[in-house]
>>> print(open('structure16.csv').read())   # CSV, C-alpha atoms
chain,number,residue,atom,x,y,z
F,1,PHE,CA,0.0,0.0,0.0
F,2,LEU,CA,2.8,2.4,0.9
F,3,PHE,CA,4.8,1.4,-2.1
F,4,ARG,CA,1.9,2.3,-4.4
F,5,THR,CA,1.4,5.7,-2.8
F,6,ASN,CA,5.1,6.4,-3.0
F,7,SER,CA,5.1,5.4,-6.7
F,8,ALA,CA,2.1,7.7,-7.3
F,9,TYR,CA,3.9,10.6,-5.6
F,10,ALA,CA,7.1,9.9,-7.6
F,11,ARG,CA,5.0,10.3,-10.8
F,12,PHE,CA,3.6,13.5,-9.5
F,13,CYS,CA,7.1,14.9,-8.7
F,14,ALA,CA,8.3,13.8,-12.2
F,15,GLY,CA,5.4,15.7,-13.9
F,16,ARG,CA,5.9,18.8,-11.7
F,17,ASP,CA,9.7,18.8,-12.3
F,18,GLY,CA,9.2,18.2,-16.0
F,19,MET,CA,6.9,21.2,-16.4
F,20,ALA,CA,9.4,23.3,-14.4
F,21,ARG,CA,12.1,22.4,-17.0
F,22,VAL,CA,9.7,23.2,-19.9
F,23,THR,CA,9.1,26.6,-18.4
F,24,ALA,CA,12.9,27.2,-17.9
F,25,HIS,CA,13.8,26.1,-21.5
F,26,ALA,CA,11.0,28.1,-23.0
F,27,ARG,CA,12.1,31.2,-21.2
F,28,ASN,CA,15.7,30.6,-22.2
F,29,ALA,CA,14.8,30.1,-25.8
F,30,ALA,CA,12.8,33.3,-25.9
F,31,ARG,CA,15.6,35.2,-24.2
F,32,LYS,CA,18.2,33.9,-26.7
F,33,CYS,CA,15.9,34.6,-29.7
F,34,ALA,CA,15.4,38.1,-28.5
F,35,MET,CA,19.1,38.6,-28.3
F,36,TRP,CA,20.3,36.8,-31.5
F,37,PHE,CA,17.4,37.3,-34.0
F,38,PRO,CA,18.2,40.2,-36.4
F,39,ARG,CA,16.1,43.3,-36.7
F,40,SER,CA,17.2,44.6,-40.1
F,41,GLY,CA,13.8,44.5,-41.9
F,42,PRO,CA,10.2,43.6,-41.9
F,43,ALA,CA,11.0,39.9,-42.6
F,44,ASP,CA,13.2,39.8,-39.5
F,45,GLU,CA,10.5,41.4,-37.3
F,46,GLU,CA,7.9,38.9,-38.6
F,47,ARG,CA,10.3,36.0,-37.8
F,48,ARG,CA,10.6,37.3,-34.2
F,49,ARG,CA,6.8,37.6,-33.9
F,50,ALA,CA,6.2,34.2,-35.4
F,51,THR,CA,8.8,32.6,-33.0
F,52,GLY,CA,7.1,34.3,-30.1
F,53,ARG,CA,3.7,33.0,-31.1
F,54,LEU,CA,5.0,29.5,-31.5
F,55,LEU,CA,6.8,29.4,-28.2
F,56,SER,CA,3.7,30.8,-26.5
F,57,ALA,CA,1.5,28.2,-28.1
F,58,LEU,CA,3.7,25.3,-27.1
F,59,PRO,CA,2.7,25.0,-23.4
F,60,TRP,CA,-1.0,25.1,-24.4
F,61,ALA,CA,-0.6,22.2,-26.8
F,62,LEU,CA,1.5,20.3,-24.3
F,63,LYS,CA,-1.2,20.8,-21.6
F,64,ALA,CA,-3.8,19.2,-23.8
F,65,ARG,CA,-1.6,16.3,-24.7
F,66,ALA,CA,-0.3,15.7,-21.1
F,67,GLN,CA,-3.9,15.6,-19.9
F,68,GLY,CA,-4.7,12.8,-22.3
F,69,ILE,CA,-6.3,14.8,-25.1
F,70,GLU,CA,-4.7,13.5,-28.2
F,71,ARG,CA,-6.1,16.0,-30.6
F,72,LEU,CA,-7.0,19.6,-29.8
F,73,GLU,CA,-10.1,20.2,-31.8
F,74,GLY,CA,-12.9,21.7,-29.9
F,75,GLY,CA,-11.0,22.1,-26.6
F,76,GLU,CA,-9.2,24.7,-24.6
F,77,GLY,CA,-6.0,23.9,-26.5
F,78,GLU,CA,-7.5,24.7,-29.9
F,79,VAL,CA,-9.0,28.0,-28.6
F,80,ALA,CA,-5.5,29.0,-27.4
F,81,LEU,CA,-3.8,28.0,-30.6
F,82,ARG,CA,-6.3,29.8,-32.8
F,83,ARG,CA,-5.9,32.9,-30.6
F,84,LEU,CA,-2.1,32.9,-30.8
F,85,LEU,CA,-1.2,31.5,-34.2
F,86,SER,CA,-1.9,32.6,-37.8
F,87,ALA,CA,-4.3,30.5,-39.9
F,88,GLY,CA,-1.4,28.8,-41.7
F,89,GLU,CA,0.5,28.0,-38.6
F,90,CYS,CA,-2.6,26.7,-36.8
F,91,ALA,CA,-3.6,24.5,-39.7
F,92,ARG,CA,-0.1,22.9,-39.9
F,93,VAL,CA,-0.1,22.3,-36.1
F,94,LEU,CA,-3.7,21.0,-35.8
F,95,ASP,CA,-3.4,18.8,-39.0
F,96,ALA,CA,-0.1,17.2,-37.9
F,97,PRO,CA,-0.2,13.6,-39.3
F,98,ASP,CA,0.4,12.0,-35.9
F,99,GLY,CA,-1.9,14.4,-34.0
F,100,ASN,CA,1.1,15.5,-31.9
F,101,ALA,CA,0.6,19.3,-31.8
F,102,PRO,CA,3.6,20.0,-29.5
F,103,ARG,CA,5.9,18.1,-31.8
F,104,ALA,CA,4.5,20.0,-34.8
F,105,ILE,CA,5.1,23.4,-33.0
F,106,LEU,CA,8.7,22.4,-32.3
F,107,SER,CA,9.1,21.5,-36.0
F,108,GLU,CA,7.8,24.9,-36.9
F,109,LEU,CA,10.3,26.5,-34.5
F,110,SER,CA,13.1,24.5,-36.1
F,111,SER,CA,12.1,25.8,-39.5
F,112,GLN,CA,12.3,29.4,-38.1
F,113,LEU,CA,15.8,28.5,-36.8
F,114,ALA,CA,17.0,27.2,-40.1
F,115,GLU,CA,16.5,30.7,-41.6
F,116,LEU,CA,18.9,32.4,-39.1
F,117,GLU,CA,22.3,31.5,-40.6
F,118,PRO,CA,21.3,32.7,-44.1
F,119,ALA,CA,20.0,35.9,-42.4
F,120,GLY,CA,23.5,36.5,-40.9
F,121,VAL,CA,23.1,35.1,-37.4
F,122,HIS,CA,26.3,33.7,-35.9
F,123,PRO,CA,26.3,29.8,-35.9
F,124,ILE,CA,27.0,29.9,-32.1
F,125,GLY,CA,23.7,31.8,-31.5
F,126,VAL,CA,21.8,29.3,-33.7
F,127,LEU,CA,23.4,26.4,-31.8
F,128,LEU,CA,22.5,27.9,-28.4
F,129,ILE,CA,18.8,28.3,-29.4
F,130,ASP,CA,18.7,24.9,-30.9
F,131,ASN,CA,20.0,23.4,-27.6
F,132,ASP,CA,16.8,24.8,-25.9
F,133,LEU,CA,14.6,23.4,-28.6
F,134,THR,CA,16.3,20.0,-28.3
F,135,ALA,CA,15.7,20.1,-24.5
F,136,LEU,CA,12.1,21.0,-25.0
F,137,HIS,CA,11.8,18.0,-27.4
F,138,GLU,CA,13.3,15.7,-24.7
F,139,GLU,CA,10.9,17.1,-22.0
F,140,LEU,CA,8.0,16.4,-24.3
F,141,ALA,CA,9.1,12.8,-24.7
F,142,ALA,CA,9.5,12.4,-21.0
F,143,LEU,CA,6.1,13.9,-20.2
F,144,GLU,CA,4.5,11.7,-22.9
F,145,ARG,CA,6.1,8.7,-21.2
F,146,LEU,CA,4.4,9.6,-18.0
F,147,VAL,CA,1.0,9.9,-19.7
F,148,GLN,CA,1.3,6.7,-21.8
F,149,THR,CA,2.6,4.5,-19.0
F,150,PRO,CA,0.2,4.8,-16.1
F,151,THR,CA,0.3,2.6,-13.0
F,152,PRO,CA,-1.1,-0.8,-14.2
F,153,LEU,CA,-4.9,-1.0,-13.5
F,154,THR,CA,-4.7,-4.5,-12.1
F,155,TYR,CA,-2.1,-3.4,-9.6
F,156,THR,CA,-4.3,-0.4,-8.5
F,157,ARG,CA,-7.3,-2.6,-8.2
F,158,HIS,CA,-5.5,-5.3,-6.3
F,159,THR,CA,-4.1,-2.8,-3.8
F,160,SER,CA,-7.5,-1.2,-3.2
F,161,ARG,CA,-9.3,-4.6,-2.8
F,162,SER,CA,-6.6,-5.8,-0.4
F,163,LEU,CA,-7.1,-2.7,1.7
F,164,MET,CA,-10.9,-3.1,1.8
F,165,LEU,CA,-10.5,-6.8,2.8
F,166,TRP,CA,-8.2,-5.7,5.6
F,167,LEU,CA,-10.6,-3.1,6.9
F,168,VAL,CA,-13.5,-5.5,6.8
F,169,ALA,CA,-11.5,-8.0,8.8
F,170,LEU,CA,-10.2,-5.5,11.3
F,171,PRO,CA,-13.3,-5.6,13.6
F,172,LEU,CA,-13.1,-9.3,13.9
F,173,ALA,CA,-9.6,-8.9,15.5
F,174,THR,CA,-10.5,-6.1,17.8
F,175,VAL,CA,-14.1,-6.6,18.9
F,176,GLU,CA,-13.4,-8.9,21.9
F,177,THR,CA,-10.7,-6.5,23.2
F,178,LEU,CA,-12.3,-3.1,22.6
F,179,GLY,CA,-16.0,-3.8,22.7
F,180,TRP,CA,-18.1,-0.8,21.6
F,181,LYS,CA,-14.9,1.3,21.3
F,182,GLU,CA,-14.1,-0.7,18.2
F,183,ILE,CA,-16.7,1.2,16.2
F,184,PRO,CA,-15.2,4.8,16.3
F,185,LEU,CA,-11.7,3.2,16.0
F,186,ASP,CA,-12.6,1.3,12.9
F,187,VAL,CA,-14.2,4.4,11.4
F,188,LEU,CA,-11.1,6.5,12.1
F,189,VAL,CA,-8.7,3.9,10.7
F,190,SER,CA,-10.9,3.4,7.6
F,191,TYR,CA,-11.1,7.2,7.0
F,192,LEU,CA,-7.3,7.6,7.2
F,193,LEU,CA,-6.3,4.7,5.0
F,194,LEU,CA,-9.0,5.2,2.4
F,195,GLY,CA,-8.1,8.9,2.3
F,196,ILE,CA,-4.4,8.0,1.6
F,197,ASP,CA,-5.6,5.5,-1.1
F,198,ASP,CA,-7.7,8.2,-2.8
F,199,CYS,CA,-4.8,10.7,-2.7
F,200,GLY,CA,-2.6,8.1,-4.4
F,201,MET,CA,-5.1,7.5,-7.1
F,202,GLN,CA,-5.5,11.2,-7.8
F,203,ILE,CA,-1.8,12.1,-8.0
F,204,GLU,CA,-1.1,9.2,-10.3
F,205,GLN,CA,-2.1,11.5,-13.1
F,206,PRO,CA,0.0,14.6,-12.2
F,207,PHE,CA,-1.2,16.8,-15.1
F,208,VAL,CA,-4.7,16.7,-13.9
F,209,ILE,CA,-3.6,17.9,-10.4
F,210,LEU,CA,-0.9,20.4,-11.4
F,211,PRO,CA,-1.9,24.1,-12.1
F,212,MET,CA,-1.3,23.7,-15.8
F,213,LEU,CA,-3.4,26.7,-16.8
F,214,GLU,CA,-1.3,29.0,-14.6
F,215,GLN,CA,1.9,27.5,-16.0
F,216,CYS,CA,0.8,28.0,-19.6
F,217,THR,CA,-0.2,31.6,-18.8
F,218,ASP,CA,3.2,32.2,-17.1
F,219,ILE,CA,5.2,30.8,-20.0
F,220,GLU,CA,3.1,32.9,-22.5
F,221,ALA,CA,3.7,36.1,-20.5
F,222,ALA,CA,7.4,35.4,-20.2
F,223,VAL,CA,7.7,34.8,-24.0
F,224,ARG,CA,5.7,38.0,-24.7
F,225,SER,CA,8.1,40.0,-22.6
F,226,GLU,CA,11.1,38.9,-24.6
F,227,LEU,CA,9.4,38.6,-28.1
F,228,PRO,CA,6.4,41.0,-28.2
F,229,PHE,CA,3.7,40.0,-30.6
F,230,GLU,CA,0.0,40.5,-31.1
F,231,ASP,CA,-2.4,37.6,-31.2
F,232,ALA,CA,-2.7,36.5,-34.9
F,233,GLY,CA,-6.2,35.0,-34.5
F,234,ASP,CA,-7.6,33.5,-37.7
F,235,SER,CA,-6.0,36.3,-39.8
>>> encode(input="structure16.csv", output="structure tokens")
Amino acid sequence: FLFRTNSAYARFCAGRDGMARVTAHARNAARKCAMWFPRSGPADEERRRATGRLLSALPWALKARAQGIERLEGGEGEVALRRLLSAGECARVLDAPDGNAPRAILSELSSQLAELEPAGVHPIGVLLIDNDLTALHEELAALERLVQTPTPLTYTRHTSRSLMLWLVALPLATVETLGWKEIPLDVLVSYLLLGIDDCGMQIEQPFVILPMLEQCTDIEAAVRSELPFEDAGDS
């Protein structure tokens, strides 16, 4: 029973730490893009805005995928993407062949990055930004692993059934010793242990418990401060 709850808490910590790293890498990527991207003409300014939109859209797409929503159509993720991205960008992300919107956004960011060296950006700057995109890709894979490999259902059921069996049998072992005092004691023990069991079941899916909305908003605000842009909407 304790091993199961510890395993559930380890999954929660892995999800929490993974989202913290996503936030850090997204902020670093935005900061480096603001520093290294050229500003010599309208095309450069549009590249900066497009990169800001894509980096801001990434956590919203990741939120939907981490919470088990494979495709974004009709949900909060689609609303955010249609608010942030242009019509062309949004179509390429939502129509990704494998339905993996975060991966499609990272591919779009890589395409923006490929234009930097021809635009005169030093290769070291391109490499530093690419390191953050690679780290974001790795974090996406790690968070997908958490979602796609939940605690086996048979193990969860067996643990819960064993706990219920133990609680049902507890009065048989204490009734002769405690008499009527056994009733409040059994109620208290059942409340505590079933509460721990319920907590374990809830935190097994960390992205439902974590404040994902606040984290998405925080990343978007951080990116906007480095790479200012206006919502592209459906234009």
>>> residues_around(input="structure16.csv", residues="Leu127 (chain F)", least_positions_apart="5", cutoff="12 Å", atoms="all atoms listed in the file", output="PyMOL selection string")
chain F and resi 29+32-33+36+110+113-114+116-117+121-122+132-134
>>> atom_distance(input="structure16.csv", atom1="CA of Arg48 (chain F)", atom2="CA of Asp95 (chain F)")
23.7 Å
>>> residues_around(input="structure16.csv", residues="Arg21 (chain F)", least_positions_apart="3", cutoff="9 Å", atoms="all atoms listed in the file", output="list in words")
Arg16, Asp17, Gly18, Ala24, His25, Ala26, Ala135, Leu136 and Glu139 of chain F
>>> residues_around(input="structure16.csv", residues="Ala221 (chain F)", least_positions_apart="5", cutoff="9 Å", atoms="all atoms listed in the file", output="NGL selection string")
:F and (56 or 216 or 226)
>>> closest_residue(input="structure16.csv", among="F:Lys63, F:Arg31, F:Arg53, F:Arg4", to="Glu220 (chain F)", atoms="all atoms listed in the file")
F:Arg53
